[in-house]
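Below is the file data_12.cif, which contains mmCIF, C-alpha atoms and all ligand atoms.
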data_structure
#
loop_
_atom_site.label_atom_id
_atom_site.label_comp_id
_atom_site.auth_asym_id
_atom_site.auth_seq_id
_atom_site.Cartn_x
_atom_site.Cartn_y
_atom_site.Cartn_z
CA MET N 1 9.20 5.63 28.17
CA ARG N 2 5.96 6.78 29.73
CA ASN N 3 4.18 6.70 26.34
CA VAL N 4 5.04 3.08 25.48
CA ILE N 5 3.17 0.18 27.07
CA GLY N 6 5.22 -2.59 25.52
CA ALA N 7 5.28 -4.73 22.42
CA VAL N 8 3.11 -7.50 21.05
CA CYS N 9 4.02 -10.35 18.70
CA ILE N 10 2.01 -9.97 15.50
CA ASN N 11 1.99 -13.75 15.01
CA CYS N 12 1.06 -15.23 18.35
CA GLY N 13 0.00 -12.22 20.40
CA VAL N 14 2.47 -12.69 23.28
CA GLN N 15 3.05 -9.40 25.13
CA TYR N 16 6.41 -7.95 26.13
CA GLU N 17 7.07 -5.17 28.62
CA ALA N 18 8.44 -1.81 27.56
CA GLY N 19 11.85 -2.40 29.16
CA ASP N 20 12.37 -5.71 27.36
CA THR N 21 15.14 -5.44 24.76
CA THR N 22 13.99 -8.38 22.61
CA TYR N 23 13.64 -7.62 18.92
CA THR N 24 11.63 -10.68 17.89
CA CYS N 25 9.17 -12.94 19.72
CA LYS N 26 10.88 -15.37 22.10
CA GLN N 27 8.00 -17.82 21.63
CA CYS N 28 7.62 -17.98 17.86
CA GLY N 29 10.25 -15.70 16.32
CA GLY N 30 7.54 -13.36 14.98
CA VAL N 31 7.91 -9.62 14.40
CA LEU N 32 6.93 -7.32 17.27
CA ASP N 33 4.71 -4.25 17.17
CA ILE N 34 5.21 -1.40 19.67
CA GLN N 35 2.12 -0.51 21.72
CA TYR N 36 1.32 2.93 23.10
CA ASP N 37 -0.69 4.43 25.92
CA TYR N 38 -2.99 6.50 23.72
CA GLY N 39 -4.85 8.03 26.66
CA TYR N 40 -1.60 9.50 27.94
CA ILE N 41 -0.49 10.64 24.48
CA LYS N 42 -3.82 12.25 23.65
CA SER N 43 -3.50 14.77 26.48
CA ARG N 44 -0.07 15.88 25.20
CA LEU N 45 -0.31 15.57 21.42
CA ASN N 46 -3.32 17.36 19.99
CA ARG N 47 -4.20 20.22 17.65
CA GLU N 48 -3.40 22.88 20.25
CA THR N 49 0.00 21.53 21.31
CA LEU N 50 0.97 20.85 17.69
CA ALA N 51 -0.02 24.37 16.61
CA ALA N 52 2.44 25.77 19.17
CA ARG N 53 5.40 23.64 18.00
CA LYS N 54 7.99 25.21 15.73
CA ASP N 55 9.92 22.00 15.10
CA PHE N 56 8.74 20.54 11.79
CA SER N 57 11.13 17.59 11.81
CA MET N 58 9.93 14.08 12.73
CA TRP N 59 10.63 14.89 16.42
CA ARG N 60 7.51 17.05 16.28
CA TYR N 61 5.64 13.83 17.14
CA LEU N 62 7.93 12.67 19.95
CA GLU N 63 5.03 11.47 22.11
CA LEU N 64 4.23 8.86 19.45
CA LEU N 65 7.80 7.60 19.17
CA PRO N 66 9.71 4.95 21.16
CA ILE N 67 12.41 7.32 22.40
CA GLU N 68 13.64 7.21 26.00
CA GLU N 69 13.26 10.42 28.02
CA GLY N 70 16.39 12.55 27.90
CA SER N 71 17.76 10.95 24.73
CA ARG N 72 20.10 13.00 22.58
CA LEU N 73 18.27 13.50 19.25
CA THR N 74 19.95 13.54 15.82
CA PRO N 75 21.11 16.97 14.70
CA LEU N 76 20.06 16.22 11.09
CA ARG N 77 16.67 17.58 10.00
CA ILE N 78 14.69 14.47 9.19
CA GLY N 79 11.10 14.55 8.05
CA GLY N 80 9.08 17.70 7.55
CA SER N 81 9.13 16.95 3.82
CA PRO N 82 6.74 18.87 1.57
CA LEU N 83 3.33 17.62 0.47
CA TYR N 84 2.75 19.11 -2.97
CA ARG N 85 -0.60 19.41 -4.70
CA ALA N 86 0.25 17.81 -8.04
CA GLU N 87 -2.31 19.45 -10.31
CA LYS N 88 -0.63 18.88 -13.63
CA LEU N 89 0.23 15.26 -12.89
CA GLY N 90 -3.31 14.79 -11.56
CA GLU N 91 -4.76 16.16 -14.80
CA HIS N 92 -2.56 13.80 -16.71
CA LEU N 93 -3.71 10.79 -14.72
CA GLY N 94 -7.34 11.81 -14.36
CA LEU N 95 -7.27 12.63 -10.65
CA LYS N 96 -8.65 15.85 -9.18
CA LYS N 97 -6.82 15.75 -5.83
CA LEU N 98 -3.42 14.18 -6.22
CA TYR N 99 -0.59 14.98 -3.80
CA ILE N 100 3.10 14.14 -3.78
CA LYS N 101 4.91 13.63 -0.50
CA ASP N 102 8.55 14.15 -1.46
CA ASP N 103 10.60 12.16 1.01
CA GLY N 104 13.56 12.17 -1.33
CA LEU N 105 14.32 15.51 0.34
CA ASN N 106 15.49 13.89 3.57
CA PRO N 107 19.17 14.45 4.54
CA THR N 108 20.47 11.29 2.86
CA GLY N 109 17.82 11.32 0.14
CA SER N 110 15.25 8.76 1.23
CA LEU N 111 12.42 7.97 3.62
CA LYS N 112 14.77 5.52 5.37
CA ASP N 113 16.18 8.45 7.36
CA ARG N 114 13.06 8.36 9.49
CA ALA N 115 13.92 4.83 10.62
CA SER N 116 17.66 5.37 10.92
CA ALA N 117 17.09 8.36 13.18
CA ILE N 118 15.32 6.10 15.66
CA ALA N 119 18.12 3.53 15.37
CA VAL N 120 20.97 5.92 16.13
CA VAL N 121 19.13 7.73 18.92
CA ARG N 122 18.26 4.45 20.62
CA ALA N 123 21.78 3.05 20.09
CA ALA N 124 23.41 6.16 21.55
CA HIS N 125 21.03 6.16 24.50
CA ALA N 126 21.88 2.50 25.17
CA GLY N 127 25.56 3.48 25.26
CA MET N 128 26.47 1.60 22.07
CA HIS N 129 29.19 2.85 19.78
CA THR N 130 28.58 0.80 16.63
CA VAL N 131 25.49 0.32 14.49
CA ALA N 132 25.07 -2.12 11.61
CA CYS N 133 22.64 -3.18 8.92
CA SER N 134 22.27 -4.93 5.62
CA SER N 135 20.55 -3.08 2.86
CA THR N 136 19.95 -2.78 -0.85
CA GLY N 137 21.26 0.74 -0.43
CA ASN N 138 19.10 3.42 1.14
CA ALA N 139 18.83 1.98 4.64
CA ALA N 140 22.59 1.71 4.52
CA SER N 141 23.40 5.23 3.33
CA SER N 142 20.81 6.52 5.73
CA LEU N 143 22.26 4.64 8.69
CA ALA N 144 25.79 5.69 7.75
CA GLY N 145 24.81 9.37 7.50
CA ASN N 146 22.84 9.36 10.71
CA ALA N 147 25.58 7.46 12.54
CA ALA N 148 28.12 10.03 11.35
CA ALA N 149 25.91 12.84 12.61
CA MET N 150 25.54 11.14 16.01
CA GLY N 151 29.26 10.26 16.32
CA LEU N 152 28.71 6.50 16.01
CA GLU N 153 30.61 3.96 13.90
CA SER N 154 28.73 1.97 11.26
CA PHE N 155 29.21 -1.39 9.57
CA ILE N 156 27.18 -1.76 6.39
CA PHE N 157 26.55 -4.93 4.36
CA VAL N 158 25.37 -4.35 0.77
CA PRO N 159 24.68 -6.81 -2.05
CA GLU N 160 27.14 -6.36 -4.91
CA ARG N 161 24.25 -5.14 -7.12
CA ALA N 162 23.80 -1.92 -5.09
CA PRO N 163 24.08 1.19 -7.36
CA LYS N 164 27.41 3.01 -7.29
CA GLY N 165 25.89 6.29 -6.11
CA LYS N 166 24.56 4.68 -2.99
CA VAL N 167 27.84 2.94 -2.18
CA ALA N 168 29.71 6.20 -2.75
CA GLN N 169 27.41 7.85 -0.22
CA LEU N 170 28.31 5.18 2.36
CA MET N 171 32.01 5.67 1.83
CA ILE N 172 31.67 9.45 2.17
CA PHE N 173 29.80 9.02 5.47
CA GLY N 174 32.80 7.06 6.77
CA ALA N 175 31.07 3.69 7.08
CA HIS N 176 32.87 0.33 7.06
CA VAL N 177 31.34 -1.10 3.89
CA ILE N 178 31.17 -4.81 3.16
CA SER N 179 29.98 -5.58 -0.38
CA VAL N 180 28.69 -9.17 -0.40
CA LYS N 181 28.92 -11.39 -3.48
CA GLY N 182 25.32 -12.59 -3.39
CA ASN N 183 21.74 -11.34 -3.30
CA TYR N 184 19.94 -9.39 -0.59
CA GLU N 185 19.02 -12.56 1.27
CA ASP N 186 22.69 -13.68 1.47
CA THR N 187 23.68 -10.18 2.57
CA PHE N 188 21.03 -10.11 5.28
CA ARG N 189 22.13 -13.46 6.68
CA LEU N 190 25.81 -12.49 6.86
CA SER N 191 24.99 -9.19 8.58
CA ALA N 192 22.83 -10.98 11.15
CA GLU N 193 25.69 -13.34 11.95
CA ALA N 194 28.18 -10.49 12.27
CA ILE N 195 25.83 -8.42 14.45
CA GLU N 196 25.39 -11.43 16.73
CA LYS N 197 29.14 -12.02 16.87
CA TRP N 198 30.20 -8.44 17.66
CA GLY N 199 27.11 -7.22 19.53
CA TRP N 200 26.46 -4.15 17.36
CA TYR N 201 23.18 -2.23 17.38
CA ASN N 202 20.95 -3.89 14.76
CA ARG N 203 19.26 -1.53 12.32
CA ASN N 204 17.78 -4.30 10.19
CA ALA N 205 14.25 -3.02 9.84
CA ALA N 206 12.75 -6.45 9.80
CA ILE N 207 14.18 -7.48 13.10
CA ASN N 208 14.08 -4.16 14.91
CA PRO N 209 10.46 -3.25 15.70
CA TYR N 210 11.32 0.36 16.56
CA LEU N 211 12.20 1.31 13.02
CA SER N 212 8.77 1.26 11.38
CA GLU N 213 7.77 3.57 14.24
CA GLY N 214 10.11 6.14 12.72
CA LYS N 215 8.72 5.56 9.25
CA LYS N 216 5.20 6.17 10.46
CA THR N 217 6.02 9.87 11.00
CA VAL N 218 5.49 10.32 7.25
CA SER N 219 1.79 9.59 7.78
CA LEU N 220 1.57 11.89 10.79
CA GLU N 221 2.91 14.66 8.55
CA ILE N 222 0.60 13.86 5.63
CA ALA N 223 -2.47 14.00 7.87
CA GLU N 224 -1.37 17.24 9.52
CA GLN N 225 -0.50 18.78 6.13
CA LEU N 226 -4.00 17.91 4.91
CA GLY N 227 -5.51 19.71 7.93
CA PHE N 228 -5.90 16.62 10.14
CA LYS N 229 -7.54 14.53 7.46
CA ALA N 230 -6.51 11.19 6.12
CA PRO N 231 -6.35 10.94 2.33
CA ASP N 232 -8.54 8.33 0.65
CA TYR N 233 -5.54 6.47 -0.78
CA VAL N 234 -1.80 6.38 -0.13
CA ALA N 235 0.40 4.62 -2.69
CA VAL N 236 3.58 3.09 -1.31
CA SER N 237 6.34 1.14 -3.05
CA VAL N 238 6.95 -2.09 -1.19
CA GLY N 239 10.11 -4.15 -0.72
CA ASP N 240 10.68 -5.55 2.77
CA GLY N 241 7.29 -4.23 3.86
CA CYS N 242 8.48 -2.07 6.74
CA THR N 243 7.54 1.20 5.05
CA ILE N 244 3.94 0.30 4.23
CA ALA N 245 3.49 -1.18 7.71
CA GLY N 246 4.83 2.05 9.21
CA VAL N 247 2.58 4.18 7.01
CA TRP N 248 -0.44 2.23 8.25
CA LYS N 249 0.67 2.43 11.90
CA GLY N 250 0.94 6.22 11.63
CA PHE N 251 -2.64 6.64 10.48
CA LYS N 252 -3.92 4.17 13.06
CA ASP N 253 -2.11 6.07 15.82
CA LEU N 254 -3.70 9.35 14.73
CA TYR N 255 -7.09 7.67 14.62
CA ALA N 256 -6.53 6.26 18.11
CA ILE N 257 -5.78 9.70 19.58
CA GLY N 258 -8.70 11.29 17.72
CA LEU N 259 -6.72 13.51 15.34
CA ILE N 260 -8.31 11.96 12.24
CA ASP N 261 -11.71 10.34 11.92
CA ALA N 262 -11.16 8.02 8.96
CA LEU N 263 -8.38 5.80 7.68
CA PRO N 264 -6.95 5.67 4.14
CA ARG N 265 -6.75 2.66 1.88
CA LEU N 266 -3.21 1.64 1.08
CA ILE N 267 -2.03 0.92 -2.44
CA SER N 268 0.82 -1.58 -2.28
CA VAL N 269 2.90 -1.16 -5.42
CA GLN N 270 5.55 -3.70 -6.36
CA ALA N 271 7.63 -4.41 -9.44
CA LYS N 272 6.52 -7.24 -11.71
CA GLY N 273 9.92 -8.90 -11.42
CA CYS N 274 9.72 -9.05 -7.63
CA CYS N 275 6.26 -8.91 -6.06
CA PRO N 276 5.97 -11.59 -3.34
CA ILE N 277 3.78 -9.43 -1.09
CA ASN N 278 1.27 -8.49 -3.79
CA ARG N 279 1.18 -12.08 -4.96
CA ALA N 280 0.40 -13.32 -1.44
CA ILE N 281 -2.50 -10.86 -1.20
CA GLU N 282 -3.84 -11.61 -4.67
CA THR N 283 -3.68 -15.38 -4.29
CA ASN N 284 -4.57 -15.30 -0.58
CA ARG N 285 -1.69 -17.67 0.11
CA PRO N 286 1.34 -17.51 2.44
CA LEU N 287 4.37 -15.52 1.28
CA GLU N 288 6.62 -17.32 -1.13
CA PRO N 289 10.11 -16.15 -2.12
CA MET N 290 10.58 -14.65 -5.59
CA GLU N 291 13.53 -13.75 -7.79
CA GLU N 292 14.71 -10.15 -7.67
CA ASN N 293 14.28 -9.04 -11.29
CA THR N 294 13.71 -5.29 -11.34
CA LEU N 295 15.76 -2.15 -11.85
CA ALA N 296 14.02 -0.68 -8.80
CA ASP N 297 16.81 -1.99 -6.58
CA SER N 298 15.40 -0.53 -3.35
CA ILE N 299 12.34 -2.76 -3.57
CA ALA N 300 14.04 -5.83 -5.07
CA VAL N 301 13.40 -7.99 -2.02
CA GLY N 302 12.62 -11.60 -2.87
CA VAL N 303 12.19 -12.68 0.75
CA PRO N 304 10.43 -9.81 2.53
CA ARG N 305 11.44 -9.70 6.18
CA ASN N 306 8.48 -7.65 7.27
CA GLY N 307 6.05 -9.46 5.03
CA GLU N 308 3.54 -10.34 7.71
CA LYS N 309 3.31 -6.77 8.99
CA ALA N 310 2.88 -5.54 5.43
CA LEU N 311 0.19 -8.09 4.57
CA ARG N 312 -1.71 -7.17 7.69
CA ALA N 313 -1.50 -3.45 6.89
CA ILE N 314 -2.74 -3.95 3.32
CA ARG N 315 -5.61 -6.20 4.42
CA GLU N 316 -6.68 -4.06 7.38
CA SER N 317 -6.82 -0.96 5.20
CA GLN N 318 -8.81 -2.79 2.50
CA GLY N 319 -5.90 -1.90 0.32
CA LEU N 320 -5.17 -2.44 -3.34
CA THR N 321 -2.23 -4.25 -4.84
CA ILE N 322 -0.78 -2.97 -8.09
CA THR N 323 2.13 -4.55 -9.90
CA VAL N 324 4.07 -2.51 -12.45
CA SER N 325 6.74 -3.30 -15.03
CA ASP N 326 10.15 -1.64 -15.10
CA ASP N 327 9.01 0.26 -18.20
CA GLU N 328 6.03 1.62 -16.32
CA ILE N 329 8.37 2.69 -13.51
CA LEU N 330 10.63 4.55 -15.96
CA THR N 331 7.61 6.20 -17.59
CA ALA N 332 6.41 7.36 -14.17
CA MET N 333 9.87 8.75 -13.39
CA ARG N 334 9.79 10.91 -16.52
CA LEU N 335 6.16 11.92 -16.03
CA LEU N 336 6.63 12.91 -12.38
CA GLY N 337 9.73 14.92 -13.18
CA ALA N 338 8.26 16.68 -16.21
CA THR N 339 4.90 17.54 -14.60
CA SER N 340 6.02 18.29 -11.03
CA GLY N 341 9.76 18.97 -10.87
CA VAL N 342 10.19 16.05 -8.50
CA PHE N 343 12.98 13.59 -9.31
CA GLY N 344 12.59 10.14 -7.79
CA GLU N 345 14.70 7.02 -8.04
CA PRO N 346 12.95 3.96 -9.56
CA ALA N 347 11.58 2.65 -6.24
CA GLY N 348 10.82 6.26 -5.34
CA VAL N 349 8.38 6.63 -8.23
CA THR N 350 6.96 3.10 -8.18
CA GLY N 351 4.00 4.38 -6.13
CA THR N 352 3.28 6.97 -8.81
CA ALA N 353 3.44 4.26 -11.48
CA GLY N 354 0.95 2.27 -9.41
CA ILE N 355 -1.46 5.19 -9.16
CA LYS N 356 -1.34 5.69 -12.93
CA LYS N 357 -2.20 2.05 -13.46
CA ALA N 358 -4.90 1.98 -10.78
CA VAL N 359 -6.66 4.94 -12.42
CA GLU N 360 -6.39 3.31 -15.85
CA GLN N 361 -7.98 0.19 -14.41
CA HIS N 362 -10.77 2.30 -12.80
CA LEU N 363 -9.75 1.12 -9.33
CA ILE N 364 -9.67 4.63 -7.85
CA PRO N 365 -12.29 7.31 -8.58
CA ALA N 366 -11.33 10.69 -10.07
CA GLU N 367 -12.52 12.63 -6.98
CA ALA N 368 -10.45 10.63 -4.48
CA VAL N 369 -7.76 12.35 -2.40
CA VAL N 370 -4.66 10.39 -3.36
CA VAL N 371 -1.13 10.70 -1.98
CA SER N 372 1.87 9.36 -3.84
CA LEU N 373 4.73 8.75 -1.48
CA VAL N 374 8.01 9.46 -3.27
CA THR N 375 10.41 7.46 -1.14
CA GLY N 376 13.84 8.17 -2.63
CA ASN N 377 15.74 10.80 -4.61
CA GLY N 378 16.50 10.33 -8.30
CA LEU N 379 20.11 11.47 -7.99
CA LYS N 380 20.83 8.22 -6.17
CA ASP N 381 20.61 6.23 -9.38
CA THR N 382 21.37 8.35 -12.42
CA ALA N 383 21.92 5.31 -14.64
CA SER N 384 18.23 4.43 -14.38
CA ALA N 385 17.28 8.05 -14.91
CA GLN N 386 19.25 8.03 -18.16
CA CYS N 387 17.31 4.93 -19.24
CA ALA N 388 14.09 6.82 -18.51
CA ALA N 389 14.98 10.11 -20.15
CA GLY N 390 17.33 9.28 -23.01
CA GLU N 391 20.02 11.47 -24.55
CA PRO N 392 20.16 15.27 -24.94
CA LEU N 393 20.54 16.99 -28.29
CA HIS N 394 24.24 16.74 -29.26
CA ILE N 395 25.47 19.61 -31.49
CA PRO N 396 28.63 21.64 -32.18
CA PRO N 397 28.82 25.23 -30.78
CA ASP N 398 27.08 26.79 -33.79
CA LEU N 399 23.84 28.85 -33.66
CA GLY N 400 22.94 28.00 -37.27
CA ILE N 401 23.03 24.30 -36.52
CA LEU N 402 21.05 24.85 -33.29
CA ILE N 403 18.32 26.70 -35.23
CA ALA N 404 18.21 23.98 -37.87
CA GLU N 405 18.02 21.22 -35.23
CA LEU N 406 15.29 22.96 -33.21
CA ASP N 407 13.27 23.56 -36.40
CA ARG N 408 13.60 19.91 -37.23
CA THR N 409 12.28 18.60 -33.88
C1 LIG P 1 13.33 0.85 1.27
C2 LIG P 1 12.64 1.58 0.21
C3 LIG P 1 11.33 1.27 -0.16
C4 LIG P 1 10.50 0.16 0.44
O1 LIG P 1 10.52 0.05 1.84
P1 LIG P 1 10.38 -1.39 2.50
O2 LIG P 1 10.33 -1.13 3.95
O3 LIG P 1 11.60 -2.16 2.10
O4 LIG P 1 9.15 -2.00 1.96
C5 LIG P 1 10.76 2.02 -1.17
N1 LIG P 1 11.43 3.01 -1.79
C6 LIG P 1 12.69 3.33 -1.45
C7 LIG P 1 13.36 4.44 -2.18
C8 LIG P 1 13.33 2.63 -0.45
O5 LIG P 1 14.60 2.94 -0.15
ZN ZN P 2 5.12 -14.80 18.85
#
Translate this file's structure into structure tokens.
Amino acid sequence: MRNVIGAVCINCGVQYEAGDTTYTCKQCGGVLDIQYDYGYIKSRLNRETLAARKDFSMWRYLELLPIEEGSRLTPLRIGGSPLYRAEKLGEHLGLKKLYIKDDGLNPTGSLKDRASAIAVVRAAHAGMHTVACSSTGNAASSLAGNAAAMGLESFIFVPERAPKGKVAQLMIFGAHVISVKGNYEDTFRLSAEAIEKWGWYNRNAAINPYLSEGKKTVSLEIAEQLGFKAPDYVAVSVGDGCTIAGVWKGFKDLYAIGLIDALPRLISVQAKGCCPINRAIETNRPLEPMEENTLADSIAVGVPRNGEKALRAIRESQGLTITVSDDEILTAMRLLGATSGVFGEPAGVTGTAGIKKAVEQHLIPAEAVVVSLVTGNGLKDTASAQCAAGEPLHIPPDLGILIAELDRT
């Protein structure tokens, strides 16, 4: 990879060469961060070369991705999701320039596809036939779908709490699914042991430093869609921390190659029932495990595996932390749908709930350019959507009764 210099441990700063296949630091066990040769990339990825490219998938930014030359890329169209100007929602919240980046429109319905694409392309290039991960759901369905598209086998470990829709997706994609009686932490540990035992390609985002590189493409798109400008704020729902770290990396990369001249502030949004990352920021103390009490299953991560990367991203960006209740998440789901026609799952709309609260608390000004990252599709978890939206009008097939009912309400 001519564009990649190597990797650096975010804890102790030890450097690793590009060819090294380590996932975590051999010295301290810390998470690694991929480093690029920005001088080289700058000459190949700029406004002119981008203007000439007709590929609007995440591979549009290949020079900024850790993909070996000559790799076979996934046939699925990942990335290139729309950035909508959300005028009505903005009016509602008191923001003049609010945007929605709808990543629920990815092939398997979540932003995780951006990471899984990197995993399957790298696994296939390395000649591996099986990929594996543990997940609360979306990383799993995403890996299973992308593996199917690449002709790879997948082994997926899910906690028993994972919503039925997500597990159904895994089964349809032909994955070997192992539902673990335990929480996410137990599931993660078992998957790590199995991956070690059978030598599968490891898609666990926390361990594999290449995956947040895929997630960062969402920021590359946002900046390009805004005419090579960074927004003032980007709100991200946070579980393991890999997404928010990737979002930050994307903007920093663009800044490093001169495509944007300012960086956004991140808004880290977590659920009240499970907010170890926000709590660490707010108390300025090391991460401490928390229970996983939220209906936003995709961000119910009591022991965040990418916590350090996330904390660093939030601090470096002078970010905000906002913690929202499950009720606030359900309200945001209904509000987003009714004002914008965008349907997000609970964790998908948690960022929107955070923006609403941040405006109410006067933490972001009305003129700010704000992006709400919708990370997952609402059809993944219709049970929660029913909690948010309630029941329809139930009547017999009789126009008279319909008229009477509509007059009444
Ligand atoms: C995984 C996920 C997140 C959070 O990403 P992390 O890397 O775990 O912080 C947010 N929303 C959805 C829909 C997700 O699937
Ligand atoms: Zn280290």
Protein/DNA/RNA residues near (19.7, 5.6, 2.9), cut 8 Å, all atoms listed in the file, as a PyMOL selection string: chain N and resi 108-113+137-145+166
Please dump the current selection as an mmCIF file, in the frame of the given file; keep C-alpha atoms.
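The result, written out as out_10.cif:
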data_model
loop_
_atom_site.group_PDB
_atom_site.id
_atom_site.type_symbol
_atom_site.label_atom_id
_atom_site.label_comp_id
_atom_site.auth_asym_id
_atom_site.auth_seq_id
_atom_site.Cartn_x
_atom_site.Cartn_y
_atom_site.Cartn_z
ATOM 1 C CA THR N 108 20.470 11.290 2.860
ATOM 2 C CA GLY N 109 17.820 11.320 0.140
ATOM 3 C CA SER N 110 15.250 8.760 1.230
ATOM 4 C CA LEU N 111 12.420 7.970 3.620
ATOM 5 C CA LYS N 112 14.770 5.520 5.370
ATOM 6 C CA ASP N 113 16.180 8.450 7.360
ATOM 7 C CA GLY N 137 21.260 0.740 -0.430
ATOM 8 C CA ASN N 138 19.100 3.420 1.140
ATOM 9 C CA ALA N 139 18.830 1.980 4.640
ATOM 10 C CA ALA N 140 22.590 1.710 4.520
ATOM 11 C CA SER N 141 23.400 5.230 3.330
ATOM 12 C CA SER N 142 20.810 6.520 5.730
ATOM 13 C CA LEU N 143 22.260 4.640 8.690
ATOM 14 C CA ALA N 144 25.790 5.690 7.750
ATOM 15 C CA GLY N 145 24.810 9.370 7.500
ATOM 16 C CA LYS N 166 24.560 4.680 -2.990
#
Cut-off 9 Å, all atoms listed in the file, neighbours of ligand ZN 2 (chain P) as a VMD selection string: chain N and resid 8 to 15 24 to 32
Take the residues that were just selected and, keeping C-alpha atoms, output them as a PDB file, in the frame of the given file.
ATOM      1  CA  VAL N   8       3.110  -7.500  21.050  1.00  0.00           C
ATOM      2  CA  CYS N   9       4.020 -10.350  18.700  1.00  0.00           C
ATOM      3  CA  ILE N  10       2.010  -9.970  15.500  1.00  0.00           C
ATOM      4  CA  ASN N  11       1.990 -13.750  15.010  1.00  0.00           C
ATOM      5  CA  CYS N  12       1.060 -15.230  18.350  1.00  0.00           C
ATOM      6  CA  GLY N  13       0.000 -12.220  20.400  1.00  0.00           C
ATOM      7  CA  VAL N  14       2.470 -12.690  23.280  1.00  0.00           C
ATOM      8  CA  GLN N  15       3.050  -9.400  25.130  1.00  0.00           C
ATOM      9  CA  THR N  24      11.630 -10.680  17.890  1.00  0.00           C
ATOM     10  CA  CYS N  25       9.170 -12.940  19.720  1.00  0.00           C
ATOM     11  CA  LYS N  26      10.880 -15.370  22.100  1.00  0.00           C
ATOM     12  CA  GLN N  27       8.000 -17.820  21.630  1.00  0.00           C
ATOM     13  CA  CYS N  28       7.620 -17.980  17.860  1.00  0.00           C
ATOM     14  CA  GLY N  29      10.250 -15.700  16.320  1.00  0.00           C
ATOM     15  CA  GLY N  30       7.540 -13.360  14.980  1.00  0.00           C
ATOM     16  CA  VAL N  31       7.910  -9.620  14.400  1.00  0.00           C
ATOM     17  CA  LEU N  32       6.930  -7.320  17.270  1.00  0.00           C
TER      18      LEU N  32
END
For atom CA of N:Glu68 and atom CA of N:Met1, the interatomic separation in Å (one decimal):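 Distance reported for this atom pair: 5.2 Å.
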At most 9 Å is the cut-off: for each residue in chain N with any atom that close to an atom of ligand LIG 1 (chain P), write down the nearest atom pair and the distance in Å rounded to one decimal, counting all atoms listed in the file, chain first then increasing number, as a Markdown table.
| residue | atom | partner | partner_atom | distance |
| --- | --- | --- | --- | --- |
| N:Asp103 | CA | P:LIG1 | C7 | 8.8 |
| N:Gly104 | CA | P:LIG1 | C7 | 7.8 |
| N:Gly109 | CA | P:LIG1 | C7 | 8.5 |
| N:Ser110 | CA | P:LIG1 | C7 | 5.8 |
| N:Leu111 | CA | P:LIG1 | O5 | 6.7 |
| N:Lys112 | CA | P:LIG1 | O5 | 6.1 |
| N:Ser135 | CA | P:LIG1 | C1 | 8.4 |
| N:Thr136 | CA | P:LIG1 | C1 | 7.8 |
| N:Gly137 | CA | P:LIG1 | O5 | 7.0 |
| N:Asn138 | CA | P:LIG1 | O5 | 4.7 |
| N:Ala139 | CA | P:LIG1 | O5 | 6.5 |
| N:Ala205 | CA | P:LIG1 | O2 | 7.3 |
| N:Ala206 | CA | P:LIG1 | O2 | 8.3 |
| N:Ser212 | CA | P:LIG1 | O2 | 8.0 |
| N:Lys215 | CA | P:LIG1 | O2 | 8.7 |
| N:Val236 | CA | P:LIG1 | C5 | 7.3 |
| N:Ser237 | CA | P:LIG1 | C5 | 4.9 |
| N:Val238 | CA | P:LIG1 | O4 | 3.8 |
| N:Gly239 | CA | P:LIG1 | O4 | 3.6 |
| N:Asp240 | CA | P:LIG1 | O3 | 3.6 |
| N:Gly241 | CA | P:LIG1 | O4 | 3.5 |
| N:Cys242 | CA | P:LIG1 | O2 | 3.5 |
| N:Thr243 | CA | P:LIG1 | O2 | 3.8 |
| N:Ile244 | CA | P:LIG1 | O4 | 6.1 |
| N:Ala245 | CA | P:LIG1 | O2 | 7.8 |
| N:Gly246 | CA | P:LIG1 | O2 | 8.2 |
| N:Ala296 | CA | P:LIG1 | N1 | 8.3 |
| N:Asp297 | CA | P:LIG1 | O5 | 8.4 |
| N:Ser298 | CA | P:LIG1 | C8 | 4.8 |
| N:Ile299 | CA | P:LIG1 | C4 | 5.3 |
| N:Ala300 | CA | P:LIG1 | O3 | 8.4 |
| N:Val301 | CA | P:LIG1 | O3 | 7.4 |
| N:Pro304 | CA | P:LIG1 | O3 | 7.8 |
| N:Arg305 | CA | P:LIG1 | O3 | 8.6 |
| N:Asn306 | CA | P:LIG1 | O2 | 7.5 |
| N:Gly307 | CA | P:LIG1 | O4 | 8.6 |
| N:Ala310 | CA | P:LIG1 | O4 | 8.0 |
| N:Gly344 | CA | P:LIG1 | C7 | 8.0 |
| N:Glu345 | CA | P:LIG1 | C7 | 6.5 |
| N:Pro346 | CA | P:LIG1 | C7 | 7.4 |
| N:Ala347 | CA | P:LIG1 | N1 | 4.5 |
| N:Gly348 | CA | P:LIG1 | C7 | 4.4 |
| N:Val349 | CA | P:LIG1 | N1 | 8.0 |
| N:Thr350 | CA | P:LIG1 | N1 | 7.8 |
| N:Gly351 | CA | P:LIG1 | C5 | 8.7 |
| N:Leu373 | CA | P:LIG1 | N1 | 8.8 |
| N:Val374 | CA | P:LIG1 | C7 | 7.4 |
| N:Thr375 | CA | P:LIG1 | C7 | 4.3 |
| N:Gly376 | CA | P:LIG1 | C7 | 3.8 |
| N:Asn377 | CA | P:LIG1 | C7 | 7.2 |
Between atom CA of N:Ile67 and atom CA of N:Arg2 - distance in Å to one decimal: 9.8 Å
9 Å contact set for stretch 224-232 of chain N, all atoms listed in the file, chain neighbours under 5 positions out, as a VMD selection string: chain N and resid 47 82 to 83 219 251 254 259 to 266 368 to 371
12 Å contact set for N:Ala148, all atoms listed in the file, chain neighbours under 2 positions out, as a PyMOL selection string: chain N and resi 74-76+108+116-117+120-121+124+129-131+141-146+150-155+169-176
